[in-house]
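Participant: Got a structure for you, protein13.txt, holding compact mmCIF, C-alpha atoms.
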# COMPACT_ATOMS: atom_id res chain seq x y z
CA MET A 210 -28.77 8.56 15.06
CA GLU A 211 -27.54 12.05 14.45
CA ASN A 212 -23.94 12.72 13.72
CA ASN A 213 -22.25 14.47 16.56
CA ASN A 214 -18.71 15.68 16.87
CA SER A 215 -17.26 12.38 18.05
CA HIS A 216 -18.33 10.67 14.83
CA SER A 217 -16.36 12.96 12.60
CA GLN A 218 -16.38 12.52 8.86
CA ASN A 219 -13.70 12.40 6.26
CA SER A 220 -15.48 13.19 3.09
CA HIS A 221 -13.99 13.86 -0.28
CA SER A 222 -15.86 14.16 -3.55
CA TYR A 223 -15.53 11.59 -6.33
CA GLY A 224 -13.70 14.14 -8.48
CA ILE A 225 -10.62 14.61 -6.29
CA TYR A 226 -10.06 10.84 -6.13
CA ILE A 227 -10.18 10.55 -9.90
CA LEU A 228 -7.75 13.48 -10.24
CA VAL A 229 -5.33 11.86 -7.79
CA TRP A 230 -5.64 8.55 -9.63
CA LEU A 231 -4.80 10.29 -12.92
CA ALA A 232 -1.78 11.90 -11.25
CA LEU A 233 -0.67 8.50 -9.91
CA ILE A 234 -0.96 6.90 -13.35
CA ALA A 235 0.92 9.83 -14.92
CA LEU A 236 3.71 9.52 -12.33
CA THR A 237 3.92 5.77 -13.02
CA THR A 238 4.36 6.53 -16.73
CA VAL A 239 7.07 9.08 -15.90
CA THR A 240 8.97 6.71 -13.62
CA VAL A 241 8.87 3.89 -16.22
CA THR A 242 10.02 6.27 -18.99
CA VAL A 243 12.82 7.74 -16.88
CA SER A 244 14.07 4.26 -15.94
CA GLY A 245 14.61 3.62 -19.66
CA MET A 246 16.99 6.59 -19.89
CA ASP A 247 20.59 6.41 -18.83
CA LEU A 248 20.85 8.73 -15.85
CA ARG A 249 23.54 6.74 -14.02
CA SER A 250 23.49 7.41 -10.30
CA LEU A 251 20.44 9.67 -10.60
CA THR A 252 18.19 6.77 -11.63
CA VAL A 253 17.57 5.53 -8.08
CA THR A 254 17.07 9.04 -6.75
CA VAL A 255 14.52 9.93 -9.42
CA ALA A 256 12.66 6.62 -8.88
CA LEU A 257 12.52 7.17 -5.12
CA VAL A 258 11.44 10.81 -5.42
CA ILE A 259 8.58 9.85 -7.75
CA ALA A 260 7.58 6.93 -5.48
CA SER A 261 7.57 9.32 -2.50
CA ILE A 262 5.31 11.79 -4.31
CA LYS A 263 2.92 8.94 -5.15
CA ALA A 264 2.95 7.68 -1.55
CA TYR A 265 2.32 11.24 -0.33
CA LEU A 266 -0.73 11.58 -2.60
CA VAL A 267 -2.13 8.24 -1.39
CA LEU A 268 -1.54 9.20 2.27
CA ILE A 269 -3.04 12.67 2.02
CA ILE A 270 -6.05 12.03 -0.23
CA PHE A 271 -6.85 8.30 -0.35
CA MET A 272 -6.06 7.74 3.34
CA HIS A 273 -7.85 10.98 4.29
CA LEU A 274 -4.89 12.35 6.20
CA ARG A 275 -5.65 15.83 4.86
CA SER A 276 -8.91 16.01 6.79
CA GLU A 277 -7.80 14.11 9.89
CA ALA A 278 -7.01 15.76 13.19
CA LYS A 279 -3.50 17.05 13.78
CA THR A 280 -2.71 14.10 16.07
CA PHE A 281 -2.90 11.73 13.10
CA LYS A 282 -0.52 13.84 11.05
CA VAL A 283 1.98 14.02 13.91
CA PHE A 284 1.73 10.25 14.43
CA VAL A 285 2.43 9.50 10.76
CA LEU A 286 5.29 11.99 10.70
CA VAL A 287 6.88 10.39 13.78
CA ALA A 288 6.51 6.90 12.29
CA LEU A 289 8.13 8.00 9.02
CA LEU A 290 10.90 9.82 10.88
CA PHE A 291 11.58 6.67 12.89
CA LEU A 292 11.99 4.72 9.65
CA LEU A 293 14.24 7.42 8.20
CA VAL A 294 16.41 7.45 11.33
CA SER A 295 16.71 3.64 11.11
CA PHE A 296 17.97 3.97 7.54
CA ILE A 297 20.40 6.77 8.35
CA LEU A 298 21.84 5.08 11.43
CA LEU A 299 22.22 1.78 9.64
CA PHE A 300 23.99 3.32 6.67
CA ALA A 301 26.16 5.47 8.93
CA ASP A 302 27.25 2.26 10.63
CA TYR A 303 27.55 0.18 7.47
CA SER A 304 29.50 2.68 5.34
CA PHE A 305 32.26 3.15 7.90
CA GLN A 306 32.88 -0.47 8.77
CA MET B 59 -22.82 -2.56 42.71
CA SER B 60 -23.54 -1.15 39.36
CA ILE B 61 -25.14 2.18 38.82
CA ASN B 62 -26.96 2.92 35.65
CA THR B 63 -25.45 6.15 34.40
CA GLN B 64 -27.13 6.09 31.05
CA ALA B 65 -29.47 8.96 30.44
CA PRO B 66 -32.92 7.48 29.94
CA ALA B 67 -34.33 10.12 27.65
CA GLU B 68 -31.63 10.26 24.97
CA VAL B 69 -29.94 7.16 23.63
CA HIS B 70 -26.36 7.91 22.74
CA ILE B 71 -24.74 5.56 20.26
CA HIS B 72 -21.54 4.65 22.02
CA ARG B 73 -19.00 4.77 19.29
CA ASP B 74 -15.55 6.24 18.77
CA ASP B 75 -14.71 6.47 15.10
CA ILE B 76 -11.60 8.57 15.68
CA GLY B 77 -10.32 5.98 18.14
CA ALA B 78 -11.08 3.20 15.65
CA ARG B 79 -9.16 4.98 12.91
CA MET B 80 -6.29 5.75 15.26
CA GLY B 81 -6.10 2.05 16.13
CA MET B 82 -5.92 1.20 12.44
CA TRP B 83 -3.18 3.77 11.87
CA LEU B 84 -1.15 2.23 14.71
CA PHE B 85 -1.48 -1.14 12.98
CA VAL B 86 -0.41 0.51 9.72
CA PHE B 87 2.76 1.72 11.50
CA THR B 88 3.64 -1.84 12.55
CA GLU B 89 3.30 -2.83 8.89
CA LEU B 90 5.53 0.08 7.97
CA ILE B 91 8.21 -1.26 10.31
CA LEU B 92 7.77 -4.80 8.96
CA PHE B 93 8.25 -3.75 5.35
CA GLY B 94 10.65 -0.96 6.31
CA GLY B 95 12.99 -3.55 7.80
CA MET B 96 12.93 -5.44 4.52
CA PHE B 97 13.61 -2.29 2.54
CA ILE B 98 16.61 -1.68 4.80
CA ILE B 99 17.93 -5.19 4.04
CA TYR B 100 17.31 -4.56 0.35
CA SER B 101 19.17 -1.25 0.35
CA VAL B 102 22.21 -2.65 2.19
CA TYR B 103 22.54 -5.64 -0.15
CA ARG B 104 21.99 -3.46 -3.19
CA TYR B 105 24.67 -1.11 -1.93
CA ALA B 106 27.00 -4.10 -1.50
CA HIS B 107 26.21 -5.72 -4.89
CA PRO B 108 25.05 -2.97 -7.29
CA ALA B 109 26.10 -4.71 -10.53
CA ASP B 110 24.54 -8.06 -9.57
CA PHE B 111 21.25 -6.36 -8.66
CA HIS B 112 21.12 -4.65 -12.05
CA LEU B 113 21.87 -7.90 -13.84
CA ALA B 114 19.29 -9.87 -11.83
CA ALA B 115 16.60 -7.21 -12.37
CA THR B 116 16.85 -7.66 -16.16
CA GLU B 117 15.16 -11.04 -15.58
CA LEU B 118 12.02 -9.28 -14.29
CA ASN B 119 9.25 -8.33 -16.68
CA THR B 120 8.84 -4.53 -16.56
CA ILE B 121 5.62 -4.65 -18.60
CA ILE B 122 3.87 -7.03 -16.21
CA GLY B 123 5.17 -4.94 -13.29
CA THR B 124 3.83 -1.70 -14.80
CA PHE B 125 0.52 -3.38 -15.56
CA ASN B 126 0.21 -4.59 -11.96
CA THR B 127 1.07 -1.09 -10.68
CA ILE B 128 -1.78 0.40 -12.71
CA ILE B 129 -4.16 -2.35 -11.51
CA LEU B 130 -3.29 -1.73 -7.86
CA LEU B 131 -3.51 2.08 -8.18
CA THR B 132 -6.92 1.69 -9.80
CA SER B 133 -8.07 -0.65 -7.02
CA SER B 134 -7.06 2.04 -4.52
CA LEU B 135 -9.24 4.49 -6.45
CA THR B 136 -12.28 2.18 -6.38
CA MET B 137 -11.73 1.58 -2.64
CA ALA B 138 -11.71 5.34 -1.95
CA LEU B 139 -14.76 5.84 -4.18
CA SER B 140 -16.70 3.13 -2.33
CA ILE B 141 -16.32 5.18 0.89
CA THR B 142 -17.56 8.35 -0.80
CA ALA B 143 -20.50 6.35 -2.20
CA ILE B 144 -21.53 5.05 1.23
CA GLN B 145 -21.14 8.58 2.67
CA ASN B 146 -23.59 9.75 0.01
CA ASN B 147 -25.93 6.94 1.11
CA ASN B 148 -25.55 5.20 -2.23
CA ARG B 149 -25.27 1.62 -1.10
CA SER B 150 -25.42 -0.11 -4.48
CA LEU B 151 -22.68 2.13 -5.91
CA SER B 152 -20.51 1.47 -2.85
CA LEU B 153 -21.05 -2.28 -3.31
CA LEU B 154 -20.12 -1.99 -6.99
CA PHE B 155 -16.86 -0.19 -6.13
CA GLN B 156 -16.03 -2.74 -3.43
CA PHE B 157 -16.66 -5.54 -5.91
CA LEU B 158 -14.41 -3.85 -8.49
CA THR B 159 -11.68 -3.51 -5.85
CA ILE B 160 -11.79 -7.25 -5.14
CA LEU B 161 -11.82 -7.99 -8.88
CA LEU B 162 -8.76 -5.77 -9.49
CA ALA B 163 -6.96 -7.41 -6.56
CA LEU B 164 -7.73 -10.78 -8.15
CA PHE B 165 -6.27 -9.57 -11.49
CA PHE B 166 -3.16 -8.47 -9.60
CA MET B 167 -2.77 -11.91 -8.02
CA VAL B 168 -3.36 -13.71 -11.35
CA ASN B 169 -0.62 -11.59 -12.95
CA LYS B 170 1.63 -12.31 -9.98
CA TYR B 171 0.96 -16.03 -10.41
CA PHE B 172 1.99 -15.98 -14.07
CA GLU B 173 5.00 -13.83 -13.27
CA TRP B 174 6.22 -16.16 -10.53
CA MET B 175 5.49 -19.28 -12.59
CA ALA B 176 7.56 -17.87 -15.49
CA LYS B 177 10.48 -17.36 -13.09
CA ILE B 178 10.07 -20.80 -11.55
CA ASN B 179 9.88 -22.45 -15.00
CA HIS B 180 13.16 -20.73 -15.86
CA GLY B 181 14.61 -22.41 -12.78
CA LEU B 182 14.78 -19.16 -10.83
CA PHE B 183 13.48 -19.96 -7.37
CA PRO B 184 15.18 -20.04 -3.97
CA GLY B 185 17.51 -23.02 -3.66
CA SER B 186 17.37 -24.02 -7.37
CA ASP B 187 20.55 -25.18 -9.10
CA GLU B 188 20.10 -22.47 -11.72
CA LEU B 189 19.96 -19.72 -9.10
CA LEU B 190 22.73 -21.15 -6.91
CA SER B 191 25.08 -21.13 -9.90
CA LYS B 192 24.71 -17.33 -10.10
CA SER B 193 26.63 -14.69 -8.15
CA ALA B 194 25.90 -13.91 -4.50
CA GLY B 195 24.21 -10.60 -5.35
CA GLU B 196 21.82 -12.22 -7.80
CA ILE B 197 20.89 -14.91 -5.27
CA LEU B 198 20.18 -12.15 -2.74
CA PHE B 199 18.13 -10.19 -5.25
CA PHE B 200 15.88 -13.13 -6.05
CA GLY B 201 15.62 -14.08 -2.36
CA LEU B 202 14.42 -10.55 -1.56
CA TYR B 203 12.20 -10.52 -4.64
CA TYR B 204 10.37 -13.65 -3.54
CA VAL B 205 10.12 -12.66 0.13
CA MET B 206 9.04 -9.04 -0.42
CA THR B 207 6.63 -9.51 -3.33
CA GLY B 208 5.43 -12.71 -1.63
CA LEU B 209 4.68 -10.97 1.65
CA HIS B 210 3.04 -8.17 -0.31
CA GLY B 211 0.97 -10.78 -2.15
CA VAL B 212 -0.17 -12.24 1.18
CA HIS B 213 -1.29 -8.72 2.15
CA VAL B 214 -3.26 -8.45 -1.09
CA LEU B 215 -4.99 -11.78 -0.30
CA ILE B 216 -5.82 -10.63 3.24
CA GLY B 217 -7.12 -7.35 1.79
CA MET B 218 -9.38 -9.25 -0.61
CA VAL B 219 -10.87 -11.24 2.29
CA LEU B 220 -11.35 -8.04 4.33
CA ILE B 221 -13.08 -6.21 1.47
CA ALA B 222 -15.28 -9.28 0.88
CA VAL B 223 -16.33 -9.13 4.56
CA MET B 224 -17.02 -5.39 4.17
CA TYR B 225 -19.10 -6.18 1.08
CA ARG B 226 -21.23 -8.50 3.20
CA PHE B 227 -21.47 -5.91 5.99
CA THR B 228 -22.55 -3.25 3.50
CA SER B 229 -25.17 -5.44 1.85
CA ARG B 230 -26.58 -6.45 5.26
CA GLY B 231 -26.79 -2.86 6.45
CA ILE B 232 -24.09 -3.11 9.14
CA ILE B 233 -22.06 -0.51 7.24
CA THR B 234 -24.31 2.47 6.58
CA HIS B 235 -23.97 6.09 5.50
CA ASP B 236 -23.49 7.22 9.11
CA ASN B 237 -21.51 4.22 10.35
CA TYR B 238 -18.80 3.23 7.91
CA VAL B 239 -15.60 3.28 9.96
CA LYS B 240 -15.07 -0.45 9.26
CA LEU B 241 -14.99 0.30 5.54
CA GLU B 242 -12.70 3.28 6.14
CA ASN B 243 -10.24 1.14 8.11
CA THR B 244 -10.27 -1.54 5.43
CA GLY B 245 -9.51 1.30 3.02
CA LEU B 246 -6.54 2.38 5.15
CA TYR B 247 -5.20 -1.18 5.00
CA TRP B 248 -5.75 -1.38 1.26
CA HIS B 249 -4.00 1.92 0.57
CA LEU B 250 -1.07 0.77 2.71
CA VAL B 251 -0.77 -2.30 0.45
CA ASP B 252 -0.77 0.14 -2.47
CA ILE B 253 1.96 2.34 -0.95
CA ILE B 254 4.20 -0.69 -0.34
CA TRP B 255 3.82 -1.66 -3.99
CA ILE B 256 4.59 1.92 -5.06
CA PHE B 257 8.07 1.40 -3.56
CA LEU B 258 8.51 -2.28 -4.50
CA PHE B 259 7.83 -1.57 -8.17
CA PRO B 260 10.73 0.81 -8.98
CA LEU B 261 13.15 -1.00 -6.65
CA PHE B 262 12.67 -4.40 -8.29
CA TYR B 263 11.41 -3.77 -11.81
CA LEU B 264 13.00 -0.48 -12.84
CA ILE B 265 16.69 -0.80 -11.97
CA THR B 266 17.88 -2.28 -15.24
Let me see whether you can do it: turn the structure in this file into structure tokens.
Facilitator:
Amino acid sequence: MENNNSHSQNSHSYGIYILVWLALIALTTVTVTVSGMDLRSLTVTVALVIASIKAYLVLIIFMHLRSEAKTFKVFVLVALLFLLVSFILLFADYSFQ
Amino acid sequence: MSINTQAPAEVHIHRDDIGARMGMWLFVFTELILFGGMFIIYSVYRYAHPADFHLAATELNTIIGTFNTIILLTSSLTMALSITAIQNNNRSLSLLFQFLTILLALFFMVNKYFEWMAKINHGLFPGSDELLSKSAGEILFFGLYYVMTGLHGVHVLIGMVLIAVMYRFTSRGIITHDNYVKLENTGLYWHLVDIIWIFLFPLFYLIT
């Protein structure tokens, strides 16, 4: 029952998870505080930027993407790009109707 | 006509953890498209009715939303920690973290229940006279609110069942320190549920 290369491991220590969790809680506090301010059109942008940073942390650390093979990273990138392209194309169409 | 190709001397455990994780990621992408489509609908309607969306969002309870965000983020932490625990061959600690994850998910759903019931008691539910008397944008906002947080809630329930199954697997020794890909994949699913909430939270609760 020895581990060989095909049973690769994604191991992180307890500490890094707790650090990431603290960062996620801190970012939540920031996004709630910022939403209380009057930033006009910037409000949505700030909220989405903070949400993206949080999602990035979850993807990289909690979902082990940092230690996965390159194929995984490319896959995720392509999936996210596909979603982004869907948004851009839809808004390009919608705004000029 | 079968030929036994297995080497007799050395027994190789036929397992492909990378393949298993890749399969889970592919499923995660389908979920991304499912929710992504809804976020596209949300963004178009918000773009079309910005004032109504702001007005409708004032009805949502930011405190309960923030509380649920913290609960779900913490449940993601306990899920990740349960994998580290099983990697370190600490079964009881892994079981404790899995149990905490289920408990936090339950707290999330209880909060969700009270949140939805408060809305419904105020007459704000799809098709109600109260809601239909409001503007088109507000009706759309609450329609999206119920569909998106509802579908997310269904995912939380499915996640709870999955983690409960993993708990049983771990306690029965099916998930061990050198064979825990099932727990890892459940973790991937659970973190996806977390990521979806990370975007739902500011888009519904913080636009006032």
Participant: Mind working out the centre and edge lengths of an axis-aligned box for range 281-288 of chain A, all listed atoms inside, 3 Å added to each side, rounded to one decimal in Å and written as lines of an AutoDock Vina configuration file?
Facilitator:
center_x = 2.0
center_y = 10.5
center_z = 12.6
size_x = 15.8
size_y = 13.1
size_z = 9.7
Participant: When you count all atoms listed in the file, which of these residues is closest to chain B: A:Leu228, A:Val287, A:Leu293, A:Ala256?
Facilitator: A:Ala256
Participant: Which is closer to His112 in chain B than all the others in B:Phe87, B:Phe199, B:Phe259, B:Trp248, using only C-alpha atoms?
Facilitator: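 Nearest candidate to His112 in chain B out of B:Phe87, B:Phe199, B:Phe259, B:Trp248: B:Phe199.
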Participant: Can you work out which one of A:Val294, A:Tyr303, A:Thr240, A:His221 has the shortest atom-to-atom distance to Lys263 in chain A, counting all atoms listed in the file?
Facilitator: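 Answer, going by the shortest atom-to-atom distance: A:Thr240.
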Participant: For a quick check of understanding, using all atoms listed in the file, which of A:Leu236, A:Met246, A:Leu274, A:Phe281 has the smallest distance to Val258 in chain A?
Facilitator: A:Leu236
Participant: Name the residues in contact with range 249-254 of chain B at a cut-off of 9 Å, using only C-alpha atoms, excluding same-chain residues fewer than 5 positions from it; report them as a PyMOL selection string.
Facilitator: (chain A and resi 260+263-265+267-268+271-272) or (chain B and resi 86+89-90+93+127+130-131+133-134+137-138+210+213-214+217+244+259)
